[in-house]
Amino acid sequence: MSMDQLSIYLYVIGSGITVVVFYSYIVYLYRSEKRGEKDYEKYGRIAIDDEIDSTPVETVSDPANKNKE
Amino acid sequence: MFHWLEKNPFFFAVGVFLTIAFAGAVTILPHFNKSAQPVKGLKPYSVLELAGRHVYIKDNCLSCHSQLIRPFKAETDRYGQYSLSGEYAYDRPFLWGSRRIGPDLHRVGNYRTPDWHANHMWEPTSVVPGSVMPAYKHQFTNIADTETAYAEAVTVKTAFGVPYGDDIQPGRAAYEKVLKSKVLPEALKIATQMKNKDLIARVKAGKIPEVVALTAYLERLK
Amino acid sequence: MQSNAAMEYDYSIVKLYMWTTVIFGIVGMLVGVIIASQLAWPQLNYWLGEYGTFSRLRPIHTNVVVYGFMISGIFVGFYYSAQRVLKVSIGESKFLMTLGYLQFFLYLIAASGLVISEGMGITTSKEYAQMEWPLDILIVVIWVLWGMIMFGLIGMRREKALYISMWYYVATFLGVAMLYLFNNMEIPTQLLSGGLGAWYHSVSMYAGTNDAMVQWWWGHNAVAFVFTVPIIALIYYYLPKESGQAVYSYKLSLLSFWGLMFIYLWAGGHHLLWSTVPDWVQTMGSIFSVVLILPSWGSAINMLLTMKGEWNQLTDNPLIKFMVLASTFYMLSTLEGPIQAVKSVNAIAHFTDWIPGHVHDGVLGWVAFMVFATLMHSAPRVFKREIYSKSLLEAQFWIQTVAVVLYFTSMWIAGITQGMMWRAVDEYGNLMYSFIDTVNVLHPYWVIRAVGGTLYFIGLLMFAWNFFMTATAGRKLETEPQFRSPMA
């Protein structure tokens with residue numbers, strides 16, 4: 001197979017996978033929030049509430065968060 | 001899935017990198033060999049032409065001049081045959097430019113002469129009334145760096161197999177020999193065609209003004 | 001907590017970059033005004049011998065505004081906002097502080113070296129990558145240091161999830177690193193020639209069409225990863241913080257981030273339409289440029305909707321004005337770019353003034369406005385002083401907005417006029433205009449452009465004065481303002 005053909009196959013397959021992954025990701029994002037499993041919008045607070053002594057949205061060392069994952 | 005990435009910076013970085021790199025891997029790499037083949041009969045730049053090319057880069061002519069004739073009738077009528085990939089095989093770097101404040105120069109050697117260039121570089125409006133190009137009078141006194149041009153010729157010959165003759169060899173002795181036997185006679189020929197006594201005298205004294213090297217390069221663009 | 005020195009954000013590196021932003025901004029834009037005037041009045045080329053010609057000054061203008069003004073502004077934003085969204089102070093690590101100072105001083109050396117070498121005509125000639133190999137190596141070191149600081153801070157963070165801005169900083173770091181390394185592969189000519197010639201000279205590892213492809217892969221993505229990605233990082237932090245409104249949709253920001261990362265790189269081919277690169281690379285460049293509208297507008301709309309219900313802030317807070325207009329210009333230029341990338345439009349637009357026109361509505365309207373807002377929002381927190389003058393900020397906003405409009409409208413008309421004249425033929429099929437006709441017709445537009453540039457520069461001087469006075473003479477603040485920046 002020539003490099004030309006290879007790159008075309010690579011491109012078609014790669015784009016196909018990307019489109020599928022991307023759209024299922026959109027569906028996943030909105031569904032999981034609708035079901036109440038996740039709350040993504042709380043992360044928007046990171047920029048608003050950014051004093052060094054304010055409570056993080058999720059703490060790095062907090063074991064409770066690990067269980068949530 | 002993706003959201004997990006935002007909490008794991010290492011995998012996040014890997015993911016971003018792969019996403020960015022994908023396009024380059026597919027579009028650029030496969031064509032590397034093919035686009036680099038020279039057209040039949042293409043000769044590498046002579047040392048004097050390379051020195052002129054360096055002047056072209058130093059004074060950044062590509063700010064205003066392109067070297068890429070696109071395949072439209074209006075362009076081929078104005079500038080000549082459209083550009084082919086193989087014609088650029090020895091162009092390191094490429095000098096296509098991105099803005100035509102002045103005309104394309106890819107085939108300027110077909111329709112301008114050395115003495116036209118001499119007048120033009122001294123005072124552009126003397127040959128093109130209304131020109132906005134600055135005069136490049138300093139090119140008549142600055143001396144072209146043929147030694148660096150020679151070093152570049154040796155480098156591309158050794159590293160990339162550009163087909164230069166056997167006389168292009170590393171070391172100062174080889175350079176001096178090429179300078180005397182090839183570069184200076186070639187420069188004298190151009191200077192004579194430029195019909196400028198001062199330039200001829202300088203070349204005879206062994207110093208090649210930048211404008212002579214530049215003209216040799218522009219004459220080569222055909 | 002306030003008494004504990006270790007528990008405060010450390011802004012000492014932010015301050016350094018703030019001053020370089022202002023200084024490089026003035027230098028770079030002054031050179032811009034000069035070269036714009038040189039096109040309108042060519043006599044202006046002779047004020048500095050060979051060093052004052054348009055062709056020598058143009059790369060100084062582009063490099064100083066991009067690598068001086070913009071990159072400094074981006075580092076201000078990074079050193080300021082990264083600490084805050086990660087909830088960690090850089091002062092907590094002596095090591096990272098040292099790296100930060102080292103990075104700044106190397107950056108100063110590289111930036112000055114770039115200006116000097118450009119002036120002397122020592123250049124590789126590749127646009128936005130003009131640096132010869134010694135500077136290239138220095139820039140790689142600076143970039144690696146930045147990466148170490150970024151990942152060092154991330155390693156120390158208290159906030160588990162990385163905020164949106166951090167994604168864009170990480171992407172900036174990786175994208176520029178990859179593209180820069182590939183594009184600057186070069187061999188110093190002294191190595192193989194037995195020590196002949198200039199020590200700083202090098203020759204590209206790629207030739208002709210390949211060199212062009214790699215260069216515009218970089219050139220386009222310098223636009224992506226310097227003019228776009230880090231500026232989005234800035235706006236995702238500064239607009240919510242200044243307005244007190246959390247970002248409209250975190251999910252939308254996720255989608256537009258990954259979309260942008262995937263699509264942007266494909267679009268590089270649109271700089272080489274109708275050239276000798278393979279046809280399918282050109283076609284991909286065209287198609288993906290159009291697809292690119294989606295993630296770009298995703299971010300921009302997300303920003304505008306963040307202001308939902310709070311539009312009254314637009315009337316009384318000049319910083320919100322700057323940021324909202326910046327996202328609007330971002331939408332404009334990300335729509336204009338894809339239009340120019342359509343092959344038939346590109347046939348007319350390429351090589352004309354429409355291209356610099358497009359770049360400038362992006363950089364003057366989007367990047368520079370965002371950098372001004374970044375500096376002015378950070379200043380009261382960094383210097384613990386009130387912004388010196390609100391009316392000056394308002395006046396700057398309006399002057400510069402008019403300036404940008406003058407700039408891009410004149411360049412649009414000039415570009416399309418020249419593009420059409422190049423291809424105009426009479427009834428027998430002969431070209432109607434000689435080349436110089438198509439240049440002389442542009443004179444009035446070049447005058448308008450020079451006026452627009454001068455107005456913008458005046459606005460910049462007002463900003464510089466306002467900033468200087470804020471840092472030295474603004475009213476002292478007792479507590480750090482939470483959202484809206486206080487101004488007199």
# chains A, B, ... in the order shown; residues from 1 in each chain; ligands from 1
>>> residues_around(residues="C:Val27", least_positions_apart="2", cutoff="10 Å", atoms="only C-alpha atoms", output="mmCIF file with N, CA, C and O atoms, in the first residue's frame")
data_model
loop_
_atom_site.group_PDB
_atom_site.id
_atom_site.type_symbol
_atom_site.label_atom_id
_atom_site.label_comp_id
_atom_site.auth_asym_id
_atom_site.auth_seq_id
_atom_site.Cartn_x
_atom_site.Cartn_y
_atom_site.Cartn_z
ATOM 1 N N VAL C 22 3.798 46.127 28.648
ATOM 2 C CA VAL C 22 3.584 47.532 28.291
ATOM 3 C C VAL C 22 4.705 48.028 27.374
ATOM 4 O O VAL C 22 4.455 48.638 26.333
ATOM 5 N N ILE C 23 5.944 47.722 27.741
ATOM 6 C CA ILE C 23 7.067 48.261 26.964
ATOM 7 C C ILE C 23 7.107 47.665 25.555
ATOM 8 O O ILE C 23 7.192 48.384 24.558
ATOM 9 N N PHE C 24 7.021 46.336 25.460
ATOM 10 C CA PHE C 24 7.034 45.721 24.121
ATOM 11 C C PHE C 24 5.809 46.150 23.317
ATOM 12 O O PHE C 24 5.878 46.271 22.094
ATOM 13 N N GLY C 25 4.697 46.365 23.991
ATOM 14 C CA GLY C 25 3.511 46.834 23.279
ATOM 15 C C GLY C 25 3.788 48.168 22.608
ATOM 16 O O GLY C 25 3.491 48.368 21.424
ATOM 17 N N MET C 29 4.036 48.323 18.512
ATOM 18 C CA MET C 29 2.992 49.039 17.789
ATOM 19 C C MET C 29 3.512 50.328 17.178
ATOM 20 O O MET C 29 3.036 50.760 16.128
ATOM 21 N N LEU C 30 4.522 50.935 17.826
ATOM 22 C CA LEU C 30 5.134 52.113 17.205
ATOM 23 C C LEU C 30 5.756 51.727 15.864
ATOM 24 O O LEU C 30 5.563 52.414 14.850
ATOM 25 N N VAL C 31 6.478 50.609 15.844
ATOM 26 C CA VAL C 31 7.056 50.161 14.578
ATOM 27 C C VAL C 31 5.945 49.863 13.576
ATOM 28 O O VAL C 31 6.054 50.162 12.383
ATOM 29 N N GLY C 32 4.833 49.326 14.068
ATOM 30 C CA GLY C 32 3.694 49.068 13.195
ATOM 31 C C GLY C 32 3.181 50.346 12.552
ATOM 32 O O GLY C 32 2.921 50.394 11.344
ATOM 33 N N ILE C 60 10.315 43.051 12.535
ATOM 34 C CA ILE C 60 10.474 43.547 13.910
ATOM 35 C C ILE C 60 9.106 43.842 14.491
ATOM 36 O O ILE C 60 8.810 43.504 15.638
ATOM 37 N N HIS C 61 8.253 44.451 13.676
ATOM 38 C CA HIS C 61 6.888 44.731 14.144
ATOM 39 C C HIS C 61 6.178 43.436 14.539
ATOM 40 O O HIS C 61 5.678 43.310 15.658
ATOM 41 N N VAL C 64 7.910 41.654 17.644
ATOM 42 C CA VAL C 64 7.814 42.327 18.940
ATOM 43 C C VAL C 64 6.381 42.288 19.461
ATOM 44 O O VAL C 64 6.159 42.047 20.643
ATOM 45 N N VAL C 65 5.390 42.478 18.588
ATOM 46 C CA VAL C 65 4.025 42.407 19.121
ATOM 47 C C VAL C 65 3.656 40.974 19.502
ATOM 48 O O VAL C 65 3.004 40.754 20.514
ATOM 49 N N GLY C 68 6.823 39.748 22.067
ATOM 50 C CA GLY C 68 7.034 40.670 23.173
ATOM 51 C C GLY C 68 5.737 40.951 23.896
ATOM 52 O O GLY C 68 5.522 40.526 25.026
ATOM 53 N N PHE C 69 4.833 41.637 23.195
ATOM 54 C CA PHE C 69 3.590 42.083 23.818
ATOM 55 C C PHE C 69 2.657 40.920 24.179
ATOM 56 O O PHE C 69 2.265 40.743 25.326
#
>>> interface_residues(of="chain A", to="chain B", cutoff="12 Å", atoms="only C-alpha atoms", output="JSON list (two decimals) with N, CA, C and O atoms, in the first residue's frame")
[["chain", "number", "residue", "atom", "x", "y", "z"],
["A", 2, "SER", "N", 0.58, 2.20, -0.84],
["A", 2, "SER", "CA", 1.40, 3.40, -0.92],
["A", 2, "SER", "C", 1.09, 4.32, 0.26],
["A", 2, "SER", "O", 0.08, 4.16, 0.94],
["A", 3, "MET", "N", 1.99, 5.27, 0.46],
["A", 3, "MET", "CA", 1.79, 6.22, 1.56],
["A", 3, "MET", "C", 0.51, 7.01, 1.36],
["A", 3, "MET", "O", -0.19, 7.34, 2.31],
["A", 4, "ASP", "N", 0.19, 7.31, 0.10],
["A", 4, "ASP", "CA", -1.02, 8.08, -0.19],
["A", 4, "ASP", "C", -2.26, 7.36, 0.29],
["A", 4, "ASP", "O", -3.10, 7.92, 1.00],
["A", 5, "GLN", "N", -2.33, 6.07, -0.13],
["A", 5, "GLN", "CA", -3.50, 5.29, 0.28],
["A", 5, "GLN", "C", -3.56, 5.18, 1.79],
["A", 5, "GLN", "O", -4.62, 5.34, 2.40],
["A", 6, "LEU", "N", -2.39, 4.91, 2.38],
["A", 6, "LEU", "CA", -2.33, 4.73, 3.83],
["A", 6, "LEU", "C", -2.87, 5.96, 4.54],
["A", 6, "LEU", "O", -3.69, 5.87, 5.45],
["A", 7, "SER", "N", -2.44, 7.15, 4.05],
["A", 7, "SER", "CA", -2.87, 8.35, 4.75],
["A", 7, "SER", "C", -4.36, 8.59, 4.57],
["A", 7, "SER", "O", -5.03, 9.08, 5.46],
["A", 8, "ILE", "N", -4.89, 8.18, 3.41],
["A", 8, "ILE", "CA", -6.33, 8.35, 3.20],
["A", 8, "ILE", "C", -7.11, 7.43, 4.14],
["A", 8, "ILE", "O", -8.05, 7.86, 4.81],
["A", 9, "TYR", "N", -6.68, 6.14, 4.24],
["A", 9, "TYR", "CA", -7.34, 5.22, 5.16],
["A", 9, "TYR", "C", -7.25, 5.75, 6.58],
["A", 9, "TYR", "O", -8.22, 5.78, 7.33],
["A", 10, "LEU", "N", -6.04, 6.17, 6.94],
["A", 10, "LEU", "CA", -5.81, 6.68, 8.29],
["A", 10, "LEU", "C", -6.75, 7.85, 8.58],
["A", 10, "LEU", "O", -7.36, 7.93, 9.64],
["A", 11, "TYR", "N", -6.89, 8.69, 7.58],
["A", 11, "TYR", "CA", -7.73, 9.87, 7.75],
["A", 11, "TYR", "C", -9.19, 9.48, 7.92],
["A", 11, "TYR", "O", -9.87, 9.93, 8.85],
["A", 12, "VAL", "N", -9.69, 8.60, 7.02],
["A", 12, "VAL", "CA", -11.11, 8.26, 7.06],
["A", 12, "VAL", "C", -11.45, 7.56, 8.37],
["A", 12, "VAL", "O", -12.40, 7.92, 9.08],
["A", 13, "ILE", "N", -10.61, 6.56, 8.72],
["A", 13, "ILE", "CA", -10.89, 5.81, 9.95],
["A", 13, "ILE", "C", -10.76, 6.73, 11.16],
["A", 13, "ILE", "O", -11.64, 6.78, 12.03],
["A", 14, "GLY", "N", -9.69, 7.52, 11.19],
["A", 14, "GLY", "CA", -9.46, 8.43, 12.31],
["A", 14, "GLY", "C", -10.62, 9.40, 12.50],
["A", 14, "GLY", "O", -11.12, 9.58, 13.61],
["A", 15, "SER", "N", -11.07, 9.99, 11.39],
["A", 15, "SER", "CA", -12.17, 10.96, 11.51],
["A", 15, "SER", "C", -13.44, 10.27, 11.95],
["A", 15, "SER", "O", -14.19, 10.81, 12.78],
["A", 18, "THR", "N", -13.27, 9.64, 15.58],
["A", 18, "THR", "CA", -13.39, 10.90, 16.31],
["A", 18, "THR", "C", -14.83, 11.38, 16.38],
["A", 18, "THR", "O", -15.31, 11.80, 17.43],
["A", 21, "VAL", "N", -16.78, 9.14, 18.80],
["A", 21, "VAL", "CA", -16.39, 9.41, 20.18],
["A", 21, "VAL", "C", -16.95, 10.76, 20.63],
["A", 21, "VAL", "O", -17.54, 10.89, 21.71],
["A", 22, "PHE", "N", -16.82, 11.75, 19.77],
["A", 22, "PHE", "CA", -17.21, 13.10, 20.13],
["A", 22, "PHE", "C", -18.72, 13.18, 20.41],
["A", 22, "PHE", "O", -19.14, 13.73, 21.42],
["A", 24, "SER", "N", -20.84, 10.67, 21.06],
["A", 24, "SER", "CA", -21.28, 9.89, 22.22],
["A", 24, "SER", "C", -20.87, 10.61, 23.50],
["A", 24, "SER", "O", -21.56, 10.52, 24.52],
["A", 25, "TYR", "N", -19.82, 11.36, 23.42],
["A", 25, "TYR", "CA", -19.37, 12.14, 24.57],
["A", 25, "TYR", "C", -20.38, 13.23, 24.91],
["A", 25, "TYR", "O", -20.72, 13.43, 26.09],
["A", 26, "ILE", "N", -20.87, 13.91, 23.87],
["A", 26, "ILE", "CA", -21.88, 14.94, 24.11],
["A", 26, "ILE", "C", -23.11, 14.33, 24.79],
["A", 26, "ILE", "O", -23.61, 14.84, 25.79],
["A", 28, "TYR", "N", -23.31, 11.58, 26.46],
["A", 28, "TYR", "CA", -22.95, 11.13, 27.81],
["A", 28, "TYR", "C", -22.97, 12.31, 28.79],
["A", 28, "TYR", "O", -23.51, 12.22, 29.89],
["A", 29, "LEU", "N", -22.35, 13.42, 28.38],
["A", 29, "LEU", "CA", -22.26, 14.59, 29.26],
["A", 29, "LEU", "C", -23.65, 15.04, 29.71],
["A", 29, "LEU", "O", -23.92, 15.20, 30.89],
["A", 32, "SER", "N", -25.76, 12.21, 31.79],
["A", 32, "SER", "CA", -25.36, 11.93, 33.17],
["A", 32, "SER", "C", -25.76, 13.10, 34.07],
["A", 32, "SER", "O", -26.07, 12.90, 35.23],
["A", 38, "LYS", "N", -23.94, 13.44, 37.83],
["A", 38, "LYS", "CA", -22.78, 14.35, 37.87],
["A", 38, "LYS", "C", -23.28, 15.78, 37.86],
["A", 38, "LYS", "O", -24.37, 16.07, 37.34],
["A", 39, "ASP", "N", -22.46, 16.66, 38.41],
["A", 39, "ASP", "CA", -22.76, 18.08, 38.28],
["A", 39, "ASP", "C", -21.52, 18.75, 37.73],
["A", 39, "ASP", "O", -20.54, 18.94, 38.43],
["A", 40, "TYR", "N", -21.55, 19.04, 36.44],
["A", 40, "TYR", "CA", -20.37, 19.64, 35.83],
["A", 40, "TYR", "C", -20.27, 21.12, 36.14],
["A", 40, "TYR", "O", -19.19, 21.67, 36.27],
["A", 43, "TYR", "N", -17.93, 23.10, 38.58],
["A", 43, "TYR", "CA", -16.51, 23.41, 38.33],
["A", 43, "TYR", "C", -16.33, 24.84, 37.83],
["A", 43, "TYR", "O", -15.24, 25.39, 37.91],
["A", 58, "GLU", "N", -13.23, 20.42, 44.72],
["A", 58, "GLU", "CA", -12.84, 19.07, 45.12],
["A", 58, "GLU", "C", -11.39, 19.13, 45.59],
["A", 58, "GLU", "O", -10.55, 19.62, 44.87],
["A", 59, "THR", "N", -11.12, 18.61, 46.77],
["A", 59, "THR", "CA", -9.76, 18.69, 47.29],
["A", 59, "THR", "C", -8.93, 17.54, 46.74],
["A", 59, "THR", "O", -9.44, 16.43, 46.55],
["A", 60, "VAL", "N", -7.66, 17.81, 46.48],
["A", 60, "VAL", "CA", -6.79, 16.78, 45.92],
["A", 60, "VAL", "C", -6.66, 15.59, 46.86],
["A", 60, "VAL", "O", -6.78, 14.44, 46.48],
["A", 65, "ASN", "N", -13.40, 12.08, 47.70],
["A", 65, "ASN", "CA", -13.53, 12.33, 46.27],
["A", 65, "ASN", "C", -13.10, 11.14, 45.43],
["A", 65, "ASN", "O", -13.58, 10.93, 44.34],
["A", 66, "LYS", "N", -12.16, 10.39, 45.98],
["A", 66, "LYS", "CA", -11.69, 9.23, 45.22],
["A", 66, "LYS", "C", -12.81, 8.21, 45.04],
["A", 66, "LYS", "O", -12.95, 7.58, 44.01],
["A", 68, "LYS", "N", -15.91, 8.88, 44.89],
["A", 68, "LYS", "CA", -16.92, 9.42, 43.97],
["A", 68, "LYS", "C", -16.57, 9.12, 42.51],
["A", 68, "LYS", "O", -17.44, 9.06, 41.66],
["A", 69, "GLU", "N", -15.28, 8.99, 42.22],
["A", 69, "GLU", "CA", -14.85, 8.85, 40.82],
["A", 69, "GLU", "C", -15.46, 7.64, 40.15],
["A", 69, "GLU", "O", -15.40, 6.55, 40.67]]
>>> interface_residues(of="chain C", to="chain A", cutoff="9 Å", atoms="only C-alpha atoms", output="NGL selection string")
:C and (1 or 7-9 or 81 or 83-89 or 157-165 or 236-238 or 240-242 or 244-251 or 255 or 258-259 or 262 or 482-483)
>>> closest_atom_pairs(of="chain C", to="chain B", cutoff="7 Å", atoms="only C-alpha atoms", output="CSV")
residue,atom,partner,partner_atom,distance
C:Leu39,CA,B:Val132,CA,6.6
C:Pro42,CA,B:Val132,CA,5.4
C:Asn45,CA,B:Pro134,CA,6.1
C:Glu50,CA,B:His138,CA,6.3
C:Thr53,CA,B:Pro134,CA,6.6
C:Ser55,CA,B:Asn60,CA,5.3
C:Arg56,CA,B:Asp59,CA,6.0
C:Gly121,CA,B:Lys58,CA,4.4
C:Ile122,CA,B:Lys58,CA,6.3
C:Thr123,CA,B:Lys58,CA,6.7
C:Ser125,CA,B:Ile57,CA,5.9
C:Lys160,CA,B:Lys7,CA,5.8
C:Ala161,CA,B:Lys7,CA,4.6
C:Leu162,CA,B:Glu6,CA,5.3
C:Val170,CA,B:Ala13,CA,6.8
C:Ala171,CA,B:Val16,CA,6.4
C:Leu174,CA,B:Phe17,CA,6.4
C:Gly175,CA,B:Ile20,CA,6.9
C:Thr189,CA,B:Glu152,CA,5.4
C:Gln190,CA,B:Ala151,CA,6.6
C:Leu192,CA,B:Thr155,CA,5.5
C:Ser193,CA,B:Pro170,CA,4.4
C:Gly194,CA,B:Gly171,CA,4.8
C:Leu196,CA,B:Ala151,CA,5.5
C:Gly197,CA,B:Thr148,CA,3.8
C:Ala198,CA,B:Thr148,CA,5.7
C:Val203,CA,B:Arg92,CA,6.3
C:Ser204,CA,B:Arg92,CA,5.4
C:Tyr206,CA,B:Arg92,CA,6.6
C:Ala207,CA,B:Arg92,CA,4.8
C:Gly208,CA,B:Tyr88,CA,4.5
C:Thr209,CA,B:Ser85,CA,6.0
C:Asn210,CA,B:Phe32,CA,6.2
C:Asp211,CA,B:Phe94,CA,6.1
C:Ala212,CA,B:Phe94,CA,6.1
C:Met261,CA,B:Ile20,CA,5.7
C:Phe262,CA,B:Thr19,CA,5.2
C:Leu265,CA,B:Ala23,CA,5.7
C:Trp266,CA,B:Ala23,CA,5.2
C:Trp274,CA,B:Arg70,CA,5.7
C:Ser275,CA,B:Arg70,CA,6.1
C:Thr276,CA,B:Ser85,CA,5.0
C:Val281,CA,B:Thr27,CA,6.2
C:Phe351,CA,B:Arg99,CA,4.0
C:Thr352,CA,B:Arg99,CA,5.9
C:Trp422,CA,B:Ala74,CA,6.9
C:Arg423,CA,B:Ala74,CA,5.0
C:Leu431,CA,B:Ala74,CA,6.9
C:Phe435,CA,B:Pro103,CA,6.6
C:Ile436,CA,B:Ser131,CA,6.7
C:Asn440,CA,B:Gly130,CA,6.8
>>> select_by_dssp(residues="stretch 15-207 of chain B", states="alpha helix (DSSP H)", output="ChimeraX atom specification")
/B:15-27,32-35,47-58,73-79,114-122,146-160,172-178,184-194,197-204
>>> atom_distance(atom1="atom CA of B:Ile143", atom2="atom CA of B:Tyr45")
19.1 Å
>>> residues_around(residues="C:Tyr17", least_positions_apart="6", cutoff="12 Å", atoms="only C-alpha atoms", output="short mmCIF file (atom, residue, chain, number, x, y, z; two decimals) with N, CA and C atoms, in the first residue's frame")
data_model
loop_
_atom_site.label_atom_id
_atom_site.label_comp_id
_atom_site.auth_asym_id
_atom_site.auth_seq_id
_atom_site.Cartn_x
_atom_site.Cartn_y
_atom_site.Cartn_z
N TYR C 11 2.86 37.47 43.48
CA TYR C 11 2.73 38.12 42.18
C TYR C 11 4.03 38.77 41.70
N ILE C 23 5.94 47.72 27.74
CA ILE C 23 7.07 48.26 26.96
C ILE C 23 7.11 47.66 25.56
N PHE C 24 7.02 46.34 25.46
CA PHE C 24 7.03 45.72 24.12
C PHE C 24 5.81 46.15 23.32
N GLY C 25 4.70 46.36 23.99
CA GLY C 25 3.51 46.83 23.28
C GLY C 25 3.79 48.17 22.61
N GLY C 68 6.82 39.75 22.07
CA GLY C 68 7.03 40.67 23.17
C GLY C 68 5.74 40.95 23.90
N PHE C 69 4.83 41.64 23.19
CA PHE C 69 3.59 42.08 23.82
C PHE C 69 2.66 40.92 24.18
N MET C 70 2.32 40.10 23.19
CA MET C 70 1.34 39.05 23.45
C MET C 70 1.84 38.02 24.44
N ILE C 71 3.05 37.49 24.20
CA ILE C 71 3.55 36.43 25.08
C ILE C 71 3.71 36.95 26.50
N SER C 72 4.20 38.19 26.64
CA SER C 72 4.28 38.77 27.99
C SER C 72 2.91 38.83 28.62
N GLY C 73 1.93 39.29 27.84
CA GLY C 73 0.57 39.39 28.37
C GLY C 73 0.04 38.03 28.78
N ILE C 74 0.37 37.02 27.97
CA ILE C 74 -0.08 35.67 28.28
C ILE C 74 0.59 35.17 29.57
N PHE C 75 1.88 35.49 29.73
CA PHE C 75 2.56 35.07 30.96
C PHE C 75 2.00 35.82 32.18
N VAL C 76 1.62 37.09 32.01
CA VAL C 76 0.95 37.78 33.11
C VAL C 76 -0.28 36.98 33.52
N GLY C 77 -1.09 36.65 32.51
CA GLY C 77 -2.32 35.91 32.78
C GLY C 77 -2.03 34.56 33.40
N PHE C 78 -0.99 33.89 32.89
CA PHE C 78 -0.68 32.56 33.42
C PHE C 78 -0.23 32.64 34.87
N TYR C 79 0.81 33.46 35.14
CA TYR C 79 1.35 33.50 36.49
C TYR C 79 0.33 34.03 37.49
N TYR C 80 -0.63 34.82 36.98
CA TYR C 80 -1.67 35.32 37.88
C TYR C 80 -2.77 34.28 38.08
N GLY C 100 10.93 30.61 37.81
CA GLY C 100 10.15 31.72 37.26
C GLY C 100 11.03 32.91 36.94
N TYR C 101 11.88 33.31 37.91
CA TYR C 101 12.79 34.44 37.65
C TYR C 101 13.73 34.12 36.50
N GLN C 103 13.26 32.12 34.05
CA GLN C 103 12.52 32.15 32.80
C GLN C 103 12.34 33.59 32.32
N PHE C 104 12.02 34.49 33.26
CA PHE C 104 11.82 35.87 32.85
C PHE C 104 13.09 36.48 32.29
N PHE C 105 14.22 36.24 32.95
CA PHE C 105 15.44 36.90 32.47
C PHE C 105 15.91 36.30 31.14
N TYR C 107 13.91 35.16 28.97
CA TYR C 107 12.95 35.72 28.03
C TYR C 107 13.37 37.11 27.58
N LEU C 108 13.82 37.93 28.55
CA LEU C 108 14.29 39.27 28.21
C LEU C 108 15.45 39.20 27.22
N VAL C 371 -5.61 41.31 26.38
CA VAL C 371 -4.40 41.56 27.17
C VAL C 371 -4.59 42.82 28.04
N THR C 374 -6.72 41.85 30.90
CA THR C 374 -5.94 41.02 31.83
C THR C 374 -5.10 41.89 32.75
N LEU C 375 -4.35 42.82 32.16
CA LEU C 375 -3.48 43.65 32.97
C LEU C 375 -4.28 44.51 33.94
N SER C 378 -5.85 42.50 36.78
CA SER C 378 -4.86 42.00 37.74
C SER C 378 -4.24 43.13 38.55
N ALA C 379 -4.10 44.32 37.94
CA ALA C 379 -3.35 45.40 38.59
C ALA C 379 -3.83 45.72 40.01
N VAL C 382 -2.60 42.94 42.22
CA VAL C 382 -1.15 42.81 42.30
C VAL C 382 -0.53 43.96 43.08
#
>>> residues_around(residues="C:Gly91", least_positions_apart="3", cutoff="8 Å", atoms="only C-alpha atoms", output="ChimeraX atom specification")
/C:6,8-10,94,96-97
>>> write_last_selection(atoms="N, CA, C and O atoms", output="PDB file, in the first residue's frame")
ATOM      1  N   ALA C   6       3.243  32.765  53.701  1.00  0.00           N
ATOM      2  CA  ALA C   6       3.283  31.675  52.718  1.00  0.00           C
ATOM      3  C   ALA C   6       1.912  31.443  52.095  1.00  0.00           C
ATOM      4  O   ALA C   6       1.795  30.845  51.043  1.00  0.00           O
ATOM      5  N   GLU C   8      -0.199  33.507  50.758  1.00  0.00           N
ATOM      6  CA  GLU C   8      -0.702  34.524  49.847  1.00  0.00           C
ATOM      7  C   GLU C   8      -0.213  34.188  48.451  1.00  0.00           C
ATOM      8  O   GLU C   8       0.871  33.642  48.292  1.00  0.00           O
ATOM      9  N   TYR C   9      -1.005  34.548  47.466  1.00  0.00           N
ATOM     10  CA  TYR C   9      -0.525  34.362  46.102  1.00  0.00           C
ATOM     11  C   TYR C   9       0.675  35.275  45.871  1.00  0.00           C
ATOM     12  O   TYR C   9       0.701  36.406  46.327  1.00  0.00           O
ATOM     13  N   ASP C  10       1.656  34.783  45.171  1.00  0.00           N
ATOM     14  CA  ASP C  10       2.871  35.551  44.953  1.00  0.00           C
ATOM     15  C   ASP C  10       2.867  36.152  43.546  1.00  0.00           C
ATOM     16  O   ASP C  10       2.862  35.417  42.554  1.00  0.00           O
ATOM     17  N   LYS C  94      10.244  27.435  46.679  1.00  0.00           N
ATOM     18  CA  LYS C  94      11.407  28.249  46.331  1.00  0.00           C
ATOM     19  C   LYS C  94      11.914  27.885  44.938  1.00  0.00           C
ATOM     20  O   LYS C  94      12.309  28.737  44.141  1.00  0.00           O
ATOM     21  N   LEU C  96      10.291  26.646  42.293  1.00  0.00           N
ATOM     22  CA  LEU C  96       9.499  27.188  41.185  1.00  0.00           C
ATOM     23  C   LEU C  96       9.687  28.689  41.058  1.00  0.00           C
ATOM     24  O   LEU C  96       9.703  29.233  39.954  1.00  0.00           O
ATOM     25  N   MET C  97       9.837  29.387  42.192  1.00  0.00           N
ATOM     26  CA  MET C  97      10.092  30.833  42.120  1.00  0.00           C
ATOM     27  C   MET C  97      11.381  31.097  41.359  1.00  0.00           C
ATOM     28  O   MET C  97      11.443  31.980  40.502  1.00  0.00           O
TER      29      MET C  97
END
